[in-house]
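Structure file target_22.cif (mmCIF, C-alpha atoms) is printed below.
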```cif
data_upload
loop_
_atom_site.label_atom_id
_atom_site.label_comp_id
_atom_site.auth_asym_id
_atom_site.auth_seq_id
_atom_site.Cartn_x
_atom_site.Cartn_y
_atom_site.Cartn_z
CA MET A 1160 -15.57 40.51 130.82
CA LEU A 1161 -15.98 36.97 129.47
CA LYS A 1162 -19.26 37.99 127.88
CA ARG A 1163 -17.58 40.95 126.15
CA ILE A 1164 -14.79 38.69 124.75
CA HIS A 1165 -17.40 36.19 123.63
CA GLY A 1166 -19.30 38.98 121.83
CA TRP A 1167 -16.21 40.14 119.92
CA GLY A 1168 -15.41 36.55 119.07
CA VAL A 1169 -18.77 36.16 117.39
CA VAL A 1170 -18.24 39.38 115.42
CA ILE A 1171 -14.78 38.23 114.26
CA VAL A 1172 -16.09 34.81 113.22
CA ILE A 1173 -18.91 36.42 111.21
CA MET A 1174 -16.56 38.94 109.55
CA THR A 1175 -14.07 36.21 108.67
CA ALA A 1176 -16.80 34.02 107.24
CA PHE A 1177 -18.05 36.96 105.17
CA ALA A 1178 -14.54 37.73 103.88
CA VAL A 1179 -14.01 34.09 102.85
CA TRP A 1180 -17.39 34.11 101.11
CA ALA A 1181 -16.68 37.44 99.36
CA ILE A 1182 -13.27 36.28 98.09
CA GLY A 1183 -14.83 33.07 96.85
CA GLN A 1184 -17.51 34.96 94.96
CA THR A 1185 -15.49 37.74 93.39
CA ALA A 1186 -13.11 37.26 90.49
CA PRO A 1187 -10.52 39.96 89.72
CA PRO A 1188 -11.57 42.27 86.85
CA ALA A 1189 -10.34 41.54 83.33
CA PRO A 1190 -7.35 43.64 82.10
CA ASN A 1191 -9.74 45.86 80.11
CA GLY A 1192 -11.67 46.69 83.27
CA ILE A 1193 -14.64 44.39 82.68
CA VAL A 1194 -16.03 43.03 85.94
CA MET A 1195 -17.59 39.57 85.97
CA PRO A 1196 -21.36 40.14 85.69
CA ALA A 1197 -23.16 39.29 88.92
CA GLY A 1198 -25.56 36.36 88.94
CA TRP A 1199 -24.60 34.99 85.51
CA GLU A 1200 -24.63 31.44 86.89
CA ASN A 1201 -28.42 31.61 86.98
CA TRP A 1202 -29.00 33.13 83.54
CA SER A 1203 -31.19 31.21 81.09
CA ALA A 1204 -29.65 29.17 78.29
CA ILE A 1205 -29.37 30.19 74.63
CA SER A 1206 -27.45 27.30 73.08
CA VAL A 1207 -24.81 24.61 73.44
CA THR A 1208 -21.67 23.96 71.40
CA SER A 1209 -18.78 21.53 71.40
CA ARG A 1210 -15.38 21.73 69.73
CA THR A 1211 -13.44 18.72 68.57
CA ASP A 1212 -10.29 20.80 67.97
CA ASN A 1213 -9.77 21.69 71.63
CA ASN A 1214 -11.94 18.98 73.19
CA THR A 1215 -14.38 21.26 75.01
CA MET A 1216 -18.13 21.45 75.40
CA ARG A 1217 -20.01 24.58 76.37
CA VAL A 1218 -23.30 26.15 77.33
CA ILE A 1219 -24.10 29.69 76.19
CA LEU A 1220 -26.18 31.71 78.64
CA GLY A 1221 -27.64 35.20 78.29
CA ASN A 1222 -28.79 38.04 80.52
CA GLU A 1223 -32.43 39.13 80.19
CA THR A 1224 -31.71 41.47 77.27
CA ALA A 1225 -29.85 38.73 75.40
CA ILE A 1226 -32.52 36.07 76.06
CA LYS A 1227 -35.28 38.39 74.87
CA ALA A 1228 -33.31 39.15 71.69
CA ALA A 1229 -32.39 35.50 71.03
CA ARG A 1230 -35.89 34.12 71.48
CA GLY A 1231 -37.60 37.03 69.77
CA GLY A 1232 -35.45 36.71 66.65
CA HIS A 1233 -33.74 40.07 67.20
CA ALA A 1234 -30.18 38.86 67.65
CA ASN A 1235 -28.50 40.21 64.52
CA PRO A 1236 -27.33 42.69 65.55
CA TRP A 1237 -27.64 42.00 69.25
CA PRO A 1238 -29.03 44.99 71.19
CA ASP A 1239 -26.92 47.17 73.46
CA GLY A 1240 -27.02 45.74 76.97
CA ALA A 1241 -27.01 42.12 75.81
CA ILE A 1242 -24.45 39.94 77.59
CA LEU A 1243 -23.51 36.41 76.51
CA ALA A 1244 -21.71 33.99 78.82
CA LYS A 1245 -19.98 30.86 77.54
CA VAL A 1246 -19.10 28.21 80.12
CA ALA A 1247 -16.62 25.56 78.94
CA TRP A 1248 -15.65 22.16 80.29
CA LYS A 1249 -13.29 19.51 78.95
CA THR A 1250 -15.14 16.85 76.97
CA THR A 1251 -15.14 13.40 78.52
CA GLN A 1252 -17.00 10.15 77.80
CA LEU A 1253 -19.64 8.66 80.08
CA GLU A 1254 -18.38 5.22 81.14
CA ALA A 1255 -21.89 3.74 81.17
CA TRP A 1256 -22.60 5.10 77.67
CA PRO A 1257 -19.40 5.73 75.69
CA ALA A 1258 -21.29 7.41 72.82
CA ALA A 1259 -22.28 10.15 75.29
CA ASN A 1260 -19.98 13.14 75.74
CA VAL A 1261 -20.26 14.79 79.15
CA PRO A 1262 -18.45 17.66 80.89
CA GLY A 1263 -15.20 16.95 82.71
CA ASP A 1264 -13.04 19.62 84.34
CA PHE A 1265 -14.19 23.23 84.26
CA VAL A 1266 -12.05 25.20 81.77
CA GLN A 1267 -13.25 28.81 81.72
CA VAL A 1268 -16.12 31.24 81.48
CA GLU A 1269 -16.13 33.93 78.79
CA PHE A 1270 -18.33 36.97 78.28
CA MET A 1271 -19.28 39.25 75.40
CA LEU A 1272 -20.95 42.54 76.42
CA LYS A 1273 -22.68 44.52 73.66
CA ASP A 1274 -22.27 48.29 73.82
CA ALA A 1275 -21.70 49.85 70.41
CA LYS A 1276 -20.49 53.17 71.83
CA LYS A 1277 -18.24 51.74 74.52
CA TRP A 1278 -16.41 49.15 72.38
CA PRO A 1279 -16.17 50.63 68.85
CA ASP A 1280 -12.78 49.00 68.11
CA THR A 1281 -14.01 45.44 68.69
CA GLY A 1282 -17.29 45.37 66.79
CA GLY A 1283 -19.29 46.92 69.62
CA TRP A 1284 -18.44 44.05 71.98
CA GLY A 1285 -16.47 44.01 75.21
CA PHE A 1286 -14.66 40.70 75.71
CA ALA A 1287 -13.59 39.04 78.96
CA ARG A 1288 -12.43 35.58 79.98
CA TRP A 1289 -11.71 33.99 83.36
CA LYS A 1290 -9.81 30.70 83.38
CA GLY A 1291 -9.89 27.77 85.77
CA LYS A 1292 -11.47 27.22 89.13
CA ASP A 1293 -9.74 30.29 90.59
CA PHE A 1294 -11.14 32.56 87.84
CA ALA A 1295 -7.77 33.90 86.65
CA PRO A 1296 -8.41 36.86 84.29
CA TYR A 1297 -7.11 36.20 80.78
CA GLY A 1298 -4.71 38.66 79.11
CA LYS A 1299 -1.64 40.65 80.13
CA ASP A 1300 -3.20 44.01 79.30
CA ALA A 1301 -6.28 45.44 77.60
CA GLN A 1302 -4.93 44.47 74.17
CA PHE A 1303 -5.95 40.85 74.80
CA ALA A 1304 -9.37 41.78 73.42
CA MET A 1305 -7.87 42.23 69.94
CA GLU A 1306 -7.03 38.52 69.99
CA CYS A 1307 -10.67 37.72 70.84
CA PHE A 1308 -11.92 40.07 68.16
CA GLY A 1309 -9.55 38.65 65.55
CA CYS A 1310 -11.00 35.18 66.08
CA HIS A 1311 -14.56 36.53 65.94
CA THR A 1312 -14.04 38.66 62.80
CA PRO A 1313 -15.09 35.89 60.35
CA MET A 1314 -18.51 36.05 62.03
CA LYS A 1315 -19.04 39.73 61.11
CA SER A 1316 -22.26 38.88 59.25
CA SER A 1317 -23.76 37.55 62.49
CA ASP A 1318 -22.60 40.51 64.61
CA TYR A 1319 -19.28 38.80 65.45
CA VAL A 1320 -21.09 36.07 67.40
CA PHE A 1321 -20.53 32.37 66.65
CA THR A 1322 -23.74 31.37 68.44
CA ARG A 1323 -26.86 31.34 66.29
CA PRO A 1324 -29.74 30.87 68.71
CA PRO A 1325 -31.52 27.58 67.90
CA MET A 1326 -35.23 27.06 68.47
CA PHE A 1327 -35.76 27.29 72.22
CA PRO A 1328 -39.44 26.57 72.69
CA MET B 418 -76.29 49.78 67.77
CA LEU B 419 -73.06 50.18 65.81
CA LYS B 420 -71.23 50.91 69.04
CA ARG B 421 -72.64 47.77 70.63
CA ILE B 422 -71.53 45.59 67.65
CA HIS B 423 -68.13 47.24 67.73
CA GLY B 424 -67.86 46.44 71.44
CA TRP B 425 -68.66 42.75 70.92
CA GLY B 426 -66.21 42.67 68.03
CA VAL B 427 -63.42 43.84 70.29
CA VAL B 428 -64.31 41.19 72.89
CA ILE B 429 -64.32 38.44 70.24
CA VAL B 430 -60.96 39.57 68.81
CA ILE B 431 -59.39 39.60 72.28
CA MET B 432 -60.84 36.15 73.17
CA THR B 433 -59.64 34.68 69.87
CA ALA B 434 -56.17 36.15 70.34
CA PHE B 435 -56.06 34.71 73.86
CA ALA B 436 -57.18 31.27 72.64
CA VAL B 437 -54.50 31.24 69.93
CA TRP B 438 -51.89 32.28 72.49
CA ALA B 439 -53.06 29.65 75.01
CA ILE B 440 -52.98 26.83 72.45
CA GLY B 441 -49.52 27.91 71.35
CA GLN B 442 -48.26 27.86 74.92
CA THR B 443 -49.74 24.61 76.15
CA ALA B 444 -48.55 21.16 75.16
CA PRO B 445 -50.92 18.22 75.69
CA PRO B 446 -50.13 16.25 78.87
CA ALA B 447 -47.98 13.13 78.67
CA PRO B 448 -49.86 9.76 78.67
CA ASN B 449 -49.01 9.30 82.36
CA GLY B 450 -50.69 12.61 83.20
CA ILE B 451 -47.55 14.70 83.61
CA VAL B 452 -48.12 18.30 82.50
CA MET B 453 -45.23 20.23 80.98
CA PRO B 454 -43.77 22.32 83.84
CA ALA B 455 -44.46 26.03 83.37
CA GLY B 456 -41.53 28.35 82.76
CA TRP B 457 -38.93 25.64 82.22
CA GLU B 458 -37.47 27.60 79.29
CA ASN B 459 -35.99 30.06 81.76
CA TRP B 460 -34.59 27.56 84.25
CA SER B 461 -30.86 27.70 84.99
CA ALA B 462 -28.45 25.25 83.43
CA ILE B 463 -26.94 22.18 85.09
CA SER B 464 -24.94 20.57 82.29
CA VAL B 465 -24.57 19.82 78.59
CA THR B 466 -24.24 16.51 76.79
CA SER B 467 -23.92 15.26 73.23
CA ARG B 468 -24.48 11.81 71.76
CA THR B 469 -22.65 10.52 68.73
CA ASP B 470 -24.98 7.51 68.42
CA ASN B 471 -28.07 9.56 67.63
CA ASN B 472 -26.36 12.79 66.57
CA THR B 473 -27.92 15.08 69.17
CA MET B 474 -26.66 17.72 71.55
CA ARG B 475 -28.47 18.82 74.68
CA VAL B 476 -28.65 21.24 77.57
CA ILE B 477 -29.87 20.01 80.95
CA LEU B 478 -31.82 22.59 82.96
CA GLY B 479 -33.21 22.38 86.48
CA ASN B 480 -35.94 23.97 88.57
CA GLU B 481 -34.85 25.80 91.73
CA THR B 482 -34.85 22.65 93.84
CA ALA B 483 -32.70 20.82 91.28
CA ILE B 484 -30.26 23.72 90.83
CA LYS B 485 -29.80 24.04 94.59
CA ALA B 486 -29.16 20.29 94.87
CA ALA B 487 -26.79 20.17 91.88
CA ARG B 488 -24.66 23.11 92.96
CA GLY B 489 -24.73 22.24 96.62
CA GLY B 490 -23.50 18.71 96.01
CA HIS B 491 -26.75 17.11 97.17
CA ALA B 492 -27.79 15.44 93.93
CA ASN B 493 -27.42 11.77 94.81
CA PRO B 494 -30.18 11.09 95.55
CA TRP B 495 -31.93 14.12 94.12
CA PRO B 496 -34.47 15.64 96.55
CA ASP B 497 -38.22 15.32 96.09
CA GLY B 498 -39.47 18.27 94.06
CA ALA B 499 -36.40 18.39 91.81
CA ILE B 500 -37.23 18.56 88.10
CA LEU B 501 -34.69 18.10 85.32
CA ALA B 502 -35.35 19.23 81.74
CA LYS B 503 -33.27 18.01 78.80
CA VAL B 504 -33.56 19.99 75.57
CA ALA B 505 -32.19 18.22 72.47
CA TRP B 506 -31.28 19.45 69.01
CA LYS B 507 -29.75 17.65 66.02
CA THR B 508 -25.97 18.12 65.89
CA THR B 509 -24.71 20.14 62.94
CA GLN B 510 -21.34 21.67 62.01
CA LEU B 511 -20.66 25.41 61.91
CA GLU B 512 -19.65 26.24 58.33
CA ALA B 513 -17.17 28.91 59.47
CA TRP B 514 -15.56 26.51 61.95
CA PRO B 515 -16.11 22.86 61.01
CA ALA B 516 -14.59 21.59 64.25
CA ALA B 517 -17.48 23.28 66.09
CA ASN B 518 -20.70 21.33 66.65
CA VAL B 519 -23.78 23.53 66.97
CA PRO B 520 -27.51 22.87 67.34
CA GLY B 521 -29.61 22.25 64.25
CA ASP B 522 -33.29 21.33 64.30
CA PHE B 523 -35.08 21.05 67.63
CA VAL B 524 -35.71 17.38 68.49
CA GLN B 525 -37.49 17.19 71.83
CA VAL B 526 -37.67 18.23 75.44
CA GLU B 527 -37.70 15.61 78.21
CA PHE B 528 -38.39 15.87 81.92
CA MET B 529 -37.64 13.85 85.03
CA LEU B 530 -39.68 14.79 88.12
CA LYS B 531 -38.50 13.41 91.46
CA ASP B 532 -41.20 12.28 93.87
CA ALA B 533 -40.30 9.07 95.67
CA LYS B 534 -43.87 8.42 96.86
CA LYS B 535 -45.62 9.26 93.62
CA TRP B 536 -43.40 7.22 91.26
CA PRO B 537 -42.24 4.15 93.25
CA ASP B 538 -42.18 1.85 90.19
CA THR B 539 -39.72 3.98 88.23
CA GLY B 540 -37.05 4.79 90.80
CA GLY B 541 -38.97 7.71 92.30
CA TRP B 542 -38.97 9.59 89.00
CA GLY B 543 -41.82 10.64 86.74
CA PHE B 544 -40.79 10.67 83.08
CA ALA B 545 -42.22 12.76 80.24
CA ARG B 546 -41.12 13.64 76.71
CA TRP B 547 -42.54 16.01 74.08
CA LYS B 548 -41.23 15.66 70.54
CA GLY B 549 -40.82 18.21 67.76
CA LYS B 550 -41.90 21.79 67.36
CA ASP B 551 -45.55 20.87 68.02
CA PHE B 552 -44.68 19.22 71.34
CA ALA B 553 -46.25 15.84 70.56
CA PRO B 554 -46.41 13.79 73.79
CA TYR B 555 -44.34 10.60 73.58
CA GLY B 556 -45.90 7.22 74.35
CA LYS B 557 -49.16 5.44 73.56
CA ASP B 558 -50.13 4.98 77.20
CA ALA B 559 -48.67 5.38 80.68
CA GLN B 560 -46.48 2.29 80.17
CA PHE B 561 -44.09 4.35 78.02
CA ALA B 562 -42.33 5.35 81.25
CA MET B 563 -41.09 1.77 81.69
CA GLU B 564 -39.09 2.21 78.49
CA CYS B 565 -37.53 5.40 79.93
CA PHE B 566 -36.82 3.66 83.22
CA GLY B 567 -35.28 0.64 81.49
CA CYS B 568 -32.77 2.86 79.77
CA HIS B 569 -31.99 4.72 83.01
CA THR B 570 -31.64 1.57 85.17
CA PRO B 571 -27.86 1.22 84.57
CA MET B 572 -27.52 4.60 86.34
CA LYS B 573 -29.09 3.34 89.58
CA SER B 574 -25.97 4.30 91.54
CA SER B 575 -26.51 7.94 90.55
CA ASP B 576 -30.25 7.92 91.32
CA TYR B 577 -31.11 6.82 87.75
CA VAL B 578 -29.79 10.11 86.32
CA PHE B 579 -27.17 10.18 83.55
CA THR B 580 -26.25 13.80 84.29
CA ARG B 581 -23.53 14.26 86.87
CA PRO B 582 -23.49 18.00 87.61
CA PRO B 583 -20.10 19.42 86.61
CA MET B 584 -18.52 22.39 88.38
CA PHE B 585 -20.78 25.34 87.74
CA PRO B 586 -18.99 28.22 89.40
#
```

Have the structure of the file written as structure tokens, please.
Amino acid sequence: MLKRIHGWGVVIVIMTAFAVWAIGQTAPPAPNGIVMPAGWENWSAISVTSRTDNNTMRVILGNETAIKAARGGHANPWPDGAILAKVAWKTTQLEAWPAANVPGDFVQVEFMLKDAKKWPDTGGWGFARWKGKDFAPYGKDAQFAMECFGCHTPMKSSDYVFTRPPMFP
Amino acid sequence: MLKRIHGWGVVIVIMTAFAVWAIGQTAPPAPNGIVMPAGWENWSAISVTSRTDNNTMRVILGNETAIKAARGGHANPWPDGAILAKVAWKTTQLEAWPAANVPGDFVQVEFMLKDAKKWPDTGGWGFARWKGKDFAPYGKDAQFAMECFGCHTPMKSSDYVFTRPPMFP
């Protein structure tokens, strides 16, 4: 009897641990149905940017399709299947070297998913943003993407993407 | 006879193409013997930095050992086998958004390789730097690493590394 209870206890502990892990890993989908791409944290880098108007610094990552396009010079337009991820942190100064800007608090991670047929109203791009450490999806409903697209419209000549891939040897 | 010449011609073309490719891929070793780590271009990202004193912006990448240490909170000290790569570009402004800093010309790629036994004189780190698009090794002789180490010495409390891994979800 004790052995049987002990066995169930182990199962419950494992299931609970798995549930905690799964919740920690999975962000809710964006209001337009976009699910956070799996494994983006390990994607290769395309570029870096910083903004003095909102005091953030960012790294732009890409899935395999995006990396191949960026480094092969085929990123205007970006091919269907390309996904860009932009990770942003607050800009802070390194105490030991005040001329050095380094990341502070995590702000958000944003994605652009290229699929010309799926997202014809927003330049062929699906937009999604998750804010803060708890990955809160941005936007009240699917219309939030029009706000993203509005900001990206001045970049129409570079396929609505601000990032121009620099030389990445 | 013609067939035999044609056959040798094909071999020569293939060998020449391979030689051109190999030269293009391989940078000369650093003066302390460090060879540029293979495949670093596809390593995952750890952080970004920018410096206003020399007008550069950078992405810091890590090999698997470094990424595991950085994201697992085990990066002080960094484990033996960890390699950090810092890719630097000149900072420029995006015309369409002047408050945005974006990469201009490629400046250099630098590496720190942790091996406490191999590099006891420089905090357990091997240093290497390749400058410009032709990957010119930095330093006249192996003593160049003392210059690197001198600059990194103020960061002794963080294992001689300027980069403090930010939250990377």

Can you check the Cα RMSD once chain A has been least-squares fitted onto chain B over every paired atom, in order? 0.3 Å

Between CA of Ala502 (chain B) and CA of Val465 (chain B), what is the distance in Å, rounded to a tenth? 11.2 Å

List the residues selected by the PyMOL selection byres ((chain B) within 7 of (chain A)) in the file shown, writing them as a list in words. Glu458, Asn459, Trp460, Ser461, Ala462, Val465, Thr466, Ser467, Arg468, Thr469, Asp470, Arg475, Val476, Ala516, Ala517, Asn518, Val519, Pro520, Gly521, Phe523, Pro583, Met584 and Pro586 of chain B

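Across B:Ala545, B:Ala483, B:Val578, B:Ala533, the tightest approach to Met453 (chain B) is made by B:Ala545 when counting only C-alpha atoms.
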
Residues around (-29.7, 13.1, 91.5), cut-off 7 Å, counting only C-alpha atoms - what are they as an MDAnalysis selection string? chainID B and resid 492:495 575:576 578

With 3 Å of padding per side, what axis-aligned box (centre and edge lengths, Å, one decimal) covers all the listed atoms of region 1208-1216 of chain A? Give it as JSON.
```
{"center_x": -15.7, "center_y": 21.3, "center_z": 71.7, "size_x": 17.9, "size_y": 11.2, "size_z": 13.4}
```

Grab the CA of Ile1242 (chain A) to CA of Phe1270 (chain A) distance for me, in Å with one decimal place.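 Atom-to-atom, CA of Ile1242 (chain A) to CA of Phe1270 (chain A), that is 6.8 Å.
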
What does the distance between CA of Gly498 (chain B) and CA of Ala486 (chain B) come to in Å, to one decimal place? 10.5 Å

Please tell me which residues are no farther than 12 Å from (-15.6, 45.4, 69.7) in the file, counting all atoms listed in the file, and write them as number ranges by chain. A: 1191, 1271-1287, 1302-1312, 1315, 1318-1320

Run the PyMOL selection byres ((chain A and resi 1187) around 10) mentally over the shown coordinates, then write out the matched residues as a list in words, using the chain letters and numbers from the document.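 In the shown coordinates, the PyMOL selection byres ((chain A and resi 1187) around 10) covers Ile1182, Thr1185, Ala1186, Pro1188, Ala1189, Pro1190, Gly1192, Ile1193, Val1194, Met1195, Trp1289, Asp1293, Phe1294, Ala1295 and Pro1296 of chain A.
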
Take the selection from the previous step and output its residues with C-alpha atoms, as a compact mmCIF listing (two decimals), in the coordinates of the input.
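Listing of selection-v7.txt after writing:
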```txt
# COMPACT_ATOMS: atom_id res chain seq x y z
CA ILE A 1182 -13.27 36.28 98.09
CA THR A 1185 -15.49 37.74 93.39
CA ALA A 1186 -13.11 37.26 90.49
CA PRO A 1188 -11.57 42.27 86.85
CA ALA A 1189 -10.34 41.54 83.33
CA PRO A 1190 -7.35 43.64 82.10
CA GLY A 1192 -11.67 46.69 83.27
CA ILE A 1193 -14.64 44.39 82.68
CA VAL A 1194 -16.03 43.03 85.94
CA MET A 1195 -17.59 39.57 85.97
CA TRP A 1289 -11.71 33.99 83.36
CA ASP A 1293 -9.74 30.29 90.59
CA PHE A 1294 -11.14 32.56 87.84
CA ALA A 1295 -7.77 33.90 86.65
CA PRO A 1296 -8.41 36.86 84.29
```
